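Visitor: Supplied structure: final.cif, mmCIF, C-alpha atoms and all ligand atoms.
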```
data_work
loop_
_atom_site.group_PDB
_atom_site.id
_atom_site.type_symbol
_atom_site.label_atom_id
_atom_site.label_comp_id
_atom_site.auth_asym_id
_atom_site.auth_seq_id
_atom_site.Cartn_x
_atom_site.Cartn_y
_atom_site.Cartn_z
ATOM 1 C CA MET L 161 -0.459 -24.462 8.445
ATOM 2 C CA THR L 162 0.943 -24.453 4.939
ATOM 3 C CA VAL L 163 3.293 -27.172 3.712
ATOM 4 C CA PRO L 164 6.538 -25.983 2.013
ATOM 5 C CA GLN L 165 6.735 -26.686 -1.697
ATOM 6 C CA SER L 166 9.483 -26.322 -4.279
ATOM 7 C CA PHE L 167 8.633 -24.131 -7.260
ATOM 8 C CA GLU L 168 10.281 -21.955 -9.918
ATOM 9 C CA VAL L 169 9.888 -18.204 -9.770
ATOM 10 C CA ARG L 170 10.628 -15.427 -12.248
ATOM 11 C CA LEU L 171 11.745 -11.947 -11.257
ATOM 12 C CA GLU L 172 9.025 -9.651 -12.585
ATOM 13 C CA ARG L 173 10.428 -6.319 -11.421
ATOM 14 C CA ALA L 174 12.638 -4.726 -8.807
ATOM 15 C CA ARG L 175 13.318 -1.305 -7.321
ATOM 16 C CA MET L 176 15.482 0.196 -4.623
ATOM 17 C CA LEU L 177 13.498 0.929 -1.452
ATOM 18 C CA SER L 178 16.534 2.637 0.108
ATOM 19 C CA PRO L 179 20.236 2.950 -0.780
ATOM 20 C CA SER L 180 20.871 -0.575 0.531
ATOM 21 C CA VAL L 181 17.546 -2.411 0.201
ATOM 22 C CA ARG L 182 16.125 -3.820 -3.006
ATOM 23 C CA GLU L 183 12.535 -4.892 -3.400
ATOM 24 C CA LEU L 184 12.046 -7.872 -5.697
ATOM 25 C CA VAL L 185 8.684 -8.995 -7.036
ATOM 26 C CA PHE L 186 8.624 -12.651 -8.075
ATOM 27 C CA SER L 187 5.886 -14.757 -9.581
ATOM 28 C CA ARG L 188 5.519 -18.519 -9.642
ATOM 29 C CA LEU L 189 6.057 -19.982 -13.108
ATOM 30 C CA ASP L 190 3.316 -22.562 -12.544
ATOM 31 C CA GLY L 191 0.833 -19.726 -11.993
ATOM 32 C CA ASN L 192 -0.408 -21.232 -8.738
ATOM 33 C CA PRO L 193 -1.120 -18.834 -5.873
ATOM 34 C CA LEU L 194 1.454 -18.641 -3.101
ATOM 35 C CA ASN L 195 -0.610 -19.521 -0.059
ATOM 36 C CA PHE L 196 1.067 -18.486 3.159
ATOM 37 C CA VAL L 197 0.357 -16.987 6.549
ATOM 38 C CA PRO L 198 1.618 -13.412 7.078
ATOM 39 C CA GLY L 199 5.087 -13.559 8.644
ATOM 40 C CA GLN L 200 6.305 -16.638 6.759
ATOM 41 C CA TRP L 201 9.393 -16.775 4.548
ATOM 42 C CA VAL L 202 10.696 -18.586 1.471
ATOM 43 C CA ASN L 203 14.086 -20.104 0.773
ATOM 44 C CA LEU L 204 15.663 -18.978 -2.494
ATOM 45 C CA MET L 205 18.217 -21.249 -4.179
ATOM 46 C CA LEU L 206 20.890 -19.015 -5.659
ATOM 47 C CA PRO L 207 23.669 -20.135 -7.994
ATOM 48 C CA HIS L 208 27.135 -19.630 -6.497
ATOM 49 C CA GLU L 209 30.589 -20.849 -7.559
ATOM 50 C CA GLY L 210 29.242 -23.843 -9.437
ATOM 51 C CA GLY L 211 26.946 -24.797 -6.579
ATOM 52 C CA GLU L 212 23.896 -23.429 -4.882
ATOM 53 C CA LEU L 213 23.289 -21.171 -1.901
ATOM 54 C CA LYS L 214 20.104 -21.302 0.135
ATOM 55 C CA ARG L 215 18.930 -18.034 1.654
ATOM 56 C CA ALA L 216 15.698 -17.272 3.524
ATOM 57 C CA TYR L 217 13.640 -14.135 2.857
ATOM 58 C CA SER L 218 10.484 -13.022 4.618
ATOM 59 C CA ILE L 219 7.521 -12.471 2.354
ATOM 60 C CA ALA L 220 6.939 -8.726 2.455
ATOM 61 C CA SER L 221 3.537 -8.710 0.766
ATOM 62 C CA ALA L 222 0.254 -9.937 2.230
ATOM 63 C CA PRO L 223 -1.315 -13.158 0.937
ATOM 64 C CA ARG L 224 -3.624 -12.147 -1.900
ATOM 65 C CA GLY L 225 -4.291 -15.496 -3.540
ATOM 66 C CA GLU L 226 -1.863 -14.548 -6.328
ATOM 67 C CA SER L 227 1.222 -16.219 -7.763
ATOM 68 C CA SER L 228 3.305 -13.083 -7.197
ATOM 69 C CA PHE L 229 4.955 -12.050 -3.940
ATOM 70 C CA GLU L 230 7.452 -9.461 -2.745
ATOM 71 C CA ILE L 231 10.631 -9.620 -0.732
ATOM 72 C CA ALA L 232 13.085 -6.888 0.338
ATOM 73 C CA VAL L 233 16.787 -7.674 0.541
ATOM 74 C CA THR L 234 19.456 -5.735 2.433
ATOM 75 C CA ARG L 235 22.750 -5.717 0.529
ATOM 76 C CA VAL L 236 25.368 -7.166 2.864
ATOM 77 C CA ALA L 237 28.872 -6.202 1.656
ATOM 78 C CA GLY L 238 30.596 -9.381 0.497
ATOM 79 C CA GLY L 239 27.451 -11.426 1.114
ATOM 80 C CA PRO L 240 27.009 -13.787 -1.846
ATOM 81 C CA GLY L 241 23.244 -14.260 -1.493
ATOM 82 C CA SER L 242 22.202 -10.650 -1.073
ATOM 83 C CA GLU L 243 24.649 -9.393 -3.707
ATOM 84 C CA HIS L 244 23.282 -11.935 -6.182
ATOM 85 C CA LEU L 245 19.739 -10.732 -5.523
ATOM 86 C CA HIS L 246 20.809 -7.105 -5.926
ATOM 87 C CA ARG L 247 22.224 -7.963 -9.376
ATOM 88 C CA LEU L 248 19.379 -10.211 -10.550
ATOM 89 C CA VAL L 249 17.736 -8.933 -13.753
ATOM 90 C CA ALA L 250 14.033 -9.033 -14.577
ATOM 91 C CA GLY L 251 13.073 -12.291 -16.272
ATOM 92 C CA SER L 252 15.632 -14.368 -14.318
ATOM 93 C CA ARG L 253 14.371 -17.679 -12.982
ATOM 94 C CA ILE L 254 15.308 -19.267 -9.676
ATOM 95 C CA ARG L 255 14.014 -22.057 -7.462
ATOM 96 C CA ALA L 256 12.136 -21.282 -4.281
ATOM 97 C CA VAL L 257 11.070 -23.505 -1.411
ATOM 98 C CA GLY L 258 8.367 -22.462 0.996
ATOM 99 C CA PRO L 259 6.481 -21.022 2.621
ATOM 100 C CA SER L 260 7.972 -21.818 6.034
ATOM 101 C CA GLY L 261 8.071 -20.411 9.516
ATOM 102 C CA LEU L 262 6.088 -20.167 12.723
ATOM 103 C CA PHE L 263 6.475 -16.402 13.155
ATOM 104 C CA THR L 264 2.966 -15.749 11.960
ATOM 105 C CA ARG L 265 -0.139 -13.717 12.617
ATOM 106 C CA GLU L 266 -3.360 -14.804 10.941
ATOM 107 C CA ALA L 267 -5.092 -12.062 8.936
ATOM 108 C CA GLY L 268 -8.255 -12.490 11.006
ATOM 109 C CA ASP L 269 -6.483 -12.267 14.381
ATOM 110 C CA ARG L 270 -8.308 -9.561 16.353
ATOM 111 C CA SER L 271 -5.874 -9.221 19.262
ATOM 112 C CA PRO L 272 -3.931 -5.972 19.672
ATOM 113 C CA ALA L 273 -0.417 -6.117 18.257
ATOM 114 C CA LEU L 274 2.799 -4.234 18.776
ATOM 115 C CA PHE L 275 5.241 -4.874 15.931
ATOM 116 C CA VAL L 276 8.930 -4.151 16.486
ATOM 117 C CA GLY L 277 11.304 -4.322 13.524
ATOM 118 C CA THR L 278 14.635 -2.999 12.363
ATOM 119 C CA GLY L 279 15.803 -2.712 8.755
ATOM 120 C CA THR L 280 14.336 -5.387 6.506
ATOM 121 C CA GLY L 281 12.985 -7.017 9.668
ATOM 122 C CA VAL L 282 9.957 -4.836 9.005
ATOM 123 C CA THR L 283 8.947 -6.917 5.972
ATOM 124 C CA PRO L 284 7.025 -9.757 7.680
ATOM 125 C CA LEU L 285 5.417 -7.122 9.918
ATOM 126 C CA ARG L 286 4.306 -5.240 6.824
ATOM 127 C CA SER L 287 2.708 -8.445 5.543
ATOM 128 C CA MET L 288 0.897 -8.929 8.875
ATOM 129 C CA ILE L 289 -0.394 -5.344 9.004
ATOM 130 C CA GLU L 290 -1.475 -5.273 5.356
ATOM 131 C CA ALA L 291 -3.316 -8.581 5.770
ATOM 132 C CA ALA L 292 -5.022 -7.418 8.975
ATOM 133 C CA LEU L 293 -6.175 -4.186 7.338
ATOM 134 C CA ALA L 294 -7.444 -6.073 4.291
ATOM 135 C CA ALA L 295 -9.447 -8.274 6.692
ATOM 136 C CA GLY L 296 -11.007 -5.147 8.216
ATOM 137 C CA SER L 297 -9.234 -5.337 11.577
ATOM 138 C CA ASP L 298 -9.845 -2.490 13.969
ATOM 139 C CA ALA L 299 -7.517 -3.889 16.638
ATOM 140 C CA PRO L 300 -4.532 -1.703 17.534
ATOM 141 C CA LEU L 301 -1.723 -2.401 15.029
ATOM 142 C CA TRP L 302 1.246 -0.407 16.278
ATOM 143 C CA LEU L 303 4.675 -0.502 14.660
ATOM 144 C CA LEU L 304 7.959 0.522 16.269
ATOM 145 C CA PHE L 305 10.434 0.654 13.393
ATOM 146 C CA GLY L 306 14.164 1.310 13.702
ATOM 147 C CA VAL L 307 16.668 2.133 10.981
ATOM 148 C CA ARG L 308 19.979 3.930 10.980
ATOM 149 C CA HIS L 309 19.319 6.852 8.617
ATOM 150 C CA GLU L 310 16.216 8.650 7.410
ATOM 151 C CA ALA L 311 16.839 7.400 3.847
ATOM 152 C CA GLU L 312 16.478 3.835 5.146
ATOM 153 C CA ILE L 313 12.861 4.185 6.284
ATOM 154 C CA LEU L 314 11.352 1.453 4.110
ATOM 155 C CA TYR L 315 7.783 1.775 2.781
ATOM 156 C CA ARG L 316 7.590 5.291 4.214
ATOM 157 C CA GLU L 317 4.696 6.532 2.060
ATOM 158 C CA GLU L 318 2.708 3.397 2.690
ATOM 159 C CA LEU L 319 3.225 3.640 6.453
ATOM 160 C CA GLU L 320 2.108 7.273 6.373
ATOM 161 C CA ARG L 321 -0.956 6.344 4.340
ATOM 162 C CA TRP L 322 -1.885 3.564 6.762
ATOM 163 C CA THR L 323 -1.663 5.880 9.750
ATOM 164 C CA ALA L 324 -3.702 8.564 7.959
ATOM 165 C CA GLU L 325 -6.428 6.148 6.870
ATOM 166 C CA HIS L 326 -6.650 3.778 9.839
ATOM 167 C CA PRO L 327 -6.980 5.145 13.389
ATOM 168 C CA ASN L 328 -5.926 1.738 14.751
ATOM 169 C CA VAL L 329 -2.520 1.977 13.017
ATOM 170 C CA ARG L 330 0.296 3.934 14.640
ATOM 171 C CA VAL L 331 3.899 4.016 13.485
ATOM 172 C CA PHE L 332 6.866 5.080 15.611
ATOM 173 C CA VAL L 333 10.090 5.487 13.645
ATOM 174 C CA THR L 334 13.432 5.848 15.373
ATOM 175 C CA LEU L 335 16.828 6.536 13.789
ATOM 176 C CA SER L 336 19.977 5.191 15.403
ATOM 177 C CA ARG L 337 22.251 7.505 13.391
ATOM 178 C CA PRO L 338 20.213 10.648 12.742
ATOM 179 C CA THR L 339 21.593 13.633 10.901
ATOM 180 C CA ASP L 340 20.718 17.293 11.484
ATOM 181 C CA GLY L 341 17.193 18.064 10.445
ATOM 182 C CA TRP L 342 15.609 14.905 11.864
ATOM 183 C CA ALA L 343 13.163 15.977 14.547
ATOM 184 C CA GLY L 344 11.771 12.526 15.307
ATOM 185 C CA ARG L 345 12.795 9.762 17.698
ATOM 186 C CA THR L 346 16.410 8.703 17.939
ATOM 187 C CA GLY L 347 18.238 5.708 19.358
ATOM 188 C CA TYR L 348 17.482 1.999 19.327
ATOM 189 C CA VAL L 349 13.964 0.563 19.339
ATOM 190 C CA GLN L 350 14.649 -0.810 22.843
ATOM 191 C CA VAL L 351 14.842 2.744 24.181
ATOM 192 C CA HIS L 352 11.309 3.533 23.009
ATOM 193 C CA LEU L 353 9.616 0.216 23.638
ATOM 194 C CA PRO L 354 8.625 0.844 27.301
ATOM 195 C CA MET L 355 6.946 4.157 26.415
ATOM 196 C CA VAL L 356 5.128 2.712 23.414
ATOM 197 C CA TRP L 357 3.987 -0.311 25.438
ATOM 198 C CA ALA L 358 2.730 1.945 28.232
ATOM 199 C CA GLU L 359 0.855 4.131 25.756
ATOM 200 C CA LEU L 360 -0.728 1.122 24.077
ATOM 201 C CA ALA L 361 -1.944 0.088 27.535
ATOM 202 C CA ARG L 362 -3.163 -3.313 26.405
ATOM 203 C CA PRO L 363 -1.655 -6.051 28.577
ATOM 204 C CA ASP L 364 -3.352 -8.585 26.275
ATOM 205 C CA ALA L 365 -1.380 -7.378 23.229
ATOM 206 C CA HIS L 366 1.019 -9.630 21.339
ATOM 207 C CA VAL L 367 4.502 -8.401 20.449
ATOM 208 C CA TYR L 368 6.072 -9.420 17.131
ATOM 209 C CA VAL L 369 9.770 -8.668 16.856
ATOM 210 C CA CYS L 370 11.947 -9.215 13.793
ATOM 211 C CA GLY L 371 15.492 -8.279 12.801
ATOM 212 C CA LEU L 372 19.046 -9.136 13.703
ATOM 213 C CA GLU L 373 19.761 -11.289 16.748
ATOM 214 C CA ARG L 374 21.165 -8.591 19.002
ATOM 215 C CA MET L 375 18.070 -6.406 18.763
ATOM 216 C CA VAL L 376 15.653 -9.336 18.927
ATOM 217 C CA LYS L 377 17.271 -10.645 22.090
ATOM 218 C CA ALA L 378 17.311 -7.207 23.729
ATOM 219 C CA VAL L 379 13.636 -6.630 22.921
ATOM 220 C CA ARG L 380 12.624 -10.112 24.030
ATOM 221 C CA ASP L 381 14.416 -9.695 27.374
ATOM 222 C CA LEU L 382 12.888 -6.265 27.871
ATOM 223 C CA CYS L 383 9.400 -7.592 27.133
ATOM 224 C CA ARG L 384 9.655 -10.546 29.476
ATOM 225 C CA LYS L 385 11.720 -9.181 32.330
ATOM 226 C CA ASP L 386 11.019 -5.444 32.512
ATOM 227 C CA LEU L 387 7.554 -5.173 30.983
ATOM 228 C CA GLY L 388 6.269 -8.484 32.345
ATOM 229 C CA ILE L 389 4.730 -9.582 29.066
ATOM 230 C CA ASP L 390 3.664 -13.227 28.963
ATOM 231 C CA ARG L 391 6.288 -15.187 26.957
ATOM 232 C CA LYS L 392 3.482 -16.714 24.862
ATOM 233 C CA HIS L 393 2.658 -13.193 23.671
ATOM 234 C CA VAL L 394 6.199 -12.422 22.473
ATOM 235 C CA HIS L 395 6.872 -13.748 18.964
ATOM 236 C CA GLN L 396 10.266 -13.438 17.328
ATOM 237 C CA GLU L 397 12.128 -13.958 14.041
ATOM 238 C CA ARG L 398 15.900 -13.587 13.733
ATOM 239 C CA TYR L 399 17.754 -13.003 10.484
ATOM 240 C CA ASP L 400 21.218 -14.051 11.734
HETATM 241 C C1 LIG X 501 13.874 -16.625 8.552
HETATM 242 C C2 LIG X 501 14.781 -15.618 7.877
HETATM 243 C C3 LIG X 501 14.221 -14.603 7.117
HETATM 244 C C4 LIG X 501 15.055 -13.679 6.515
HETATM 245 N N1 LIG X 501 14.485 -12.654 5.805
HETATM 246 C C5 LIG X 501 15.276 -11.695 5.260
HETATM 247 C C6 LIG X 501 14.689 -10.600 4.559
HETATM 248 O O1 LIG X 501 13.463 -10.500 4.408
HETATM 249 N N2 LIG X 501 15.529 -9.667 4.034
HETATM 250 C C7 LIG X 501 16.888 -9.751 4.178
HETATM 251 O O2 LIG X 501 17.597 -8.874 3.675
HETATM 252 N N3 LIG X 501 17.456 -10.783 4.833
HETATM 253 C C8 LIG X 501 16.690 -11.760 5.355
HETATM 254 N N4 LIG X 501 17.267 -12.816 6.001
HETATM 255 C C9 LIG X 501 18.739 -12.970 5.948
HETATM 256 C C10 LIG X 501 19.122 -13.699 4.653
HETATM 257 O O3 LIG X 501 18.674 -15.042 4.690
HETATM 258 C C11 LIG X 501 20.640 -13.742 4.430
HETATM 259 O O4 LIG X 501 21.257 -14.183 5.606
HETATM 260 C C12 LIG X 501 21.177 -12.378 4.057
HETATM 261 O O5 LIG X 501 20.635 -11.955 2.798
HETATM 262 C C13 LIG X 501 22.718 -12.408 3.962
HETATM 263 O O6 LIG X 501 23.097 -13.424 3.074
HETATM 264 P P1 LIG X 501 24.434 -13.261 2.216
HETATM 265 O O7 LIG X 501 24.675 -14.536 1.490
HETATM 266 O O8 LIG X 501 24.374 -12.006 1.401
HETATM 267 O O9 LIG X 501 25.541 -12.997 3.321
HETATM 268 P P2 LIG X 501 26.201 -14.008 4.371
HETATM 269 O O10 LIG X 501 27.639 -14.045 4.080
HETATM 270 O O11 LIG X 501 25.456 -15.294 4.410
HETATM 271 O O12 LIG X 501 25.872 -13.238 5.749
HETATM 272 C C14 LIG X 501 26.676 -12.267 6.261
HETATM 273 C C15 LIG X 501 26.068 -11.615 7.503
HETATM 274 O O13 LIG X 501 25.072 -10.709 7.092
HETATM 275 C C16 LIG X 501 24.295 -10.334 8.194
HETATM 276 N N5 LIG X 501 22.906 -10.193 7.775
HETATM 277 C C17 LIG X 501 22.006 -11.153 7.425
HETATM 278 N N6 LIG X 501 20.806 -10.603 7.089
HETATM 279 C C18 LIG X 501 20.957 -9.280 7.228
HETATM 280 C C19 LIG X 501 20.072 -8.191 7.048
HETATM 281 N N7 LIG X 501 18.791 -8.359 6.617
HETATM 282 N N8 LIG X 501 20.540 -6.954 7.302
HETATM 283 C C20 LIG X 501 21.823 -6.748 7.698
HETATM 284 N N9 LIG X 501 22.706 -7.746 7.901
HETATM 285 C C21 LIG X 501 22.275 -8.990 7.668
HETATM 286 C C22 LIG X 501 24.458 -11.423 9.240
HETATM 287 O O14 LIG X 501 25.144 -10.899 10.360
HETATM 288 C C23 LIG X 501 25.306 -12.462 8.510
HETATM 289 O O15 LIG X 501 26.097 -13.130 9.426
HETATM 290 C C24 LIG X 501 16.464 -13.771 6.637
HETATM 291 C C25 LIG X 501 17.011 -14.818 7.390
HETATM 292 C C26 LIG X 501 16.187 -15.716 8.008
HETATM 293 C C27 LIG X 501 16.817 -16.831 8.817
#
```
Using the file provided, produce a representation of the structure as structure tokens.
Guide:
Amino acid sequence: MTVPQSFEVRLERARMLSPSVRELVFSRLDGNPLNFVPGQWVNLMLPHEGGELKRAYSIASAPRGESSFEIAVTRVAGGPGSEHLHRLVAGSRIRAVGPSGLFTREAGDRSPALFVGTGTGVTPLRSMIEAALAAGSDAPLWLLFGVRHEAEILYREELERWTAEHPNVRVFVTLSRPTDGWAGRTGYVQVHLPMVWAELARPDAHVYVCGLERMVKAVRDLCRKDLGIDRKHVHQERYD
């Protein structure tokens, strides 16, 4: 397991992934690679009212032995950390501490996986899937991804490419507030989980769930109580 370090990072570039989510690509100023296990996060130290705020962000990219890494930040109205990161201009420098976290899946892990994420909770799952594919995994890598609106489907093209190119990848998107014209799944991820689990039909699969507390708790309870999944196979990360 990696040991957290403190290091300076520079914002290389940023783009909006959806109306409320900004992707930020940082690189370490010391040029050292950021070594981490997919699923881990970094703390960013953000200036605020003469002091400093500490906010955790999952690493959205896979470990590639490079000094750069990506995060994706949901803008929370009135939230000092996320608003700061939505305003941050390229070239800005901040301090980071990490990587940290036990919500991990090694790139070489060959066990089947069902990933469940909502909003930016998909980012550590993206890192896990990208790393597994880069390691040549042919284990089932299924993602159940929930957002409110169609415009909030993060990494949509990439997810479509993965499913087209890798038969072991399947992606199930569900919208909790669909508008007319959406013909896909609707409602919370919890509604679809039993069907997706049954279709996967791999009792040995591990479930990785990430997002806000309410969803994580609901999914965890469903997995353990209704679906009878071994608690050691249910991994979770909560953002609040
Ligand atoms: C391990 C870990 C990893 C995290 N990774 C990410 C990440 O990859 N991307 C990300 O956007 N946030 C992530 N968060 C949340 C992040 O650390 C901050 O809490 C968030 O950016 C809000 O900070 P703030 O200062 O803007 O608002 P605050 O005033 O500190 O928080 C206000 C409220 O915002 C809500 N909130 C927090 N995160 C989110 C979110 N992602 N979407 C919607 N509402 C939220 C919570 O209910 C919180 O109580 C992570 C948190 C943890 C603990």
Visitor: Residues within 9 Å of Ala220 (chain L), please, as a list in words. Count only C-alpha atoms; anything in the same chain fewer than 5 positions from it doesn't count.
Guide: Glu183, Pro198, Gly199, Trp201, Phe229, Glu230, Ile231, Ala232, Val282, Thr283, Pro284, Leu285, Arg286, Ser287 and Met288 of chain L
Visitor: What's the separation between CA of Glu317 (chain L) and CA of Val233 (chain L), in Å to one decimal place?
Guide: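 Between CA of Glu317 (chain L) and CA of Val233 (chain L) the gap works out to 18.7 Å.
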Visitor: For Leu301 (chain L), find every residue with an atom within 7 Å (counting only C-alpha atoms), except residues of its own chain fewer than 4 positions away, and show them as a PDB file with C-alpha atoms, in the frame of the given file.
Guide:
```pdb
ATOM      1  CA  PRO L 272      -3.931  -5.972  19.672  1.00  0.00           C
ATOM      2  CA  ALA L 273      -0.417  -6.117  18.257  1.00  0.00           C
ATOM      3  CA  LEU L 274       2.799  -4.234  18.776  1.00  0.00           C
ATOM      4  CA  ILE L 289      -0.394  -5.344   9.004  1.00  0.00           C
ATOM      5  CA  ASN L 328      -5.926   1.738  14.751  1.00  0.00           C
ATOM      6  CA  VAL L 329      -2.520   1.977  13.017  1.00  0.00           C
ATOM      7  CA  ARG L 330       0.296   3.934  14.640  1.00  0.00           C
TER       8      ARG L 330
END
```
Visitor: Using all atoms listed in the file, pick whichever of L:Leu303, L:Ala311, L:Met205, L:Leu335 has the shortest atom-to-atom distance to Ser178 (chain L).
Guide: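 Comparing L:Leu303, L:Ala311, L:Met205, L:Leu335 against Ser178 (chain L), the winner is L:Ala311.
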Visitor: Got a sec to check which residues lie within 8 Å of ligand LIG 501 (chain X), using only C-alpha atoms and all ligand atoms, and send them as an NGL selection string?
Guide: :L and (181 or 200-203 or 213-220 or 231-244 or 261 or 279-281 or 283-284 or 371-372 or 397-400)
Visitor: Near Val369 (chain L), counting all atoms listed in the file, which residues have an atom at most 8 Å away, once you skip same-chain residues fewer than 5 positions from it, shown as a list of chain:residue names?
Guide: L:Phe275, L:Val276, L:Gly277, L:Val376, L:Val379, L:Arg380, L:Val394, L:His395, L:Gln396, L:Glu397
Visitor: Determine the nearest neighbour of His246 (chain L) from the options L:Arg188, L:Arg175, L:Lys377, L:Arg182, counting only C-alpha atoms.
Guide: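 Looking at the shortest contact to His246 (chain L), the residue is L:Arg182.
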Visitor: Using all atoms listed in the file, can you tell me which of L:Ala361, L:Ile313, L:Leu171, L:Ala291 comes closest to Arg224 (chain L)?
Guide: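 Ranked by minimum distance to Arg224 (chain L), first place goes to L:Ala291.
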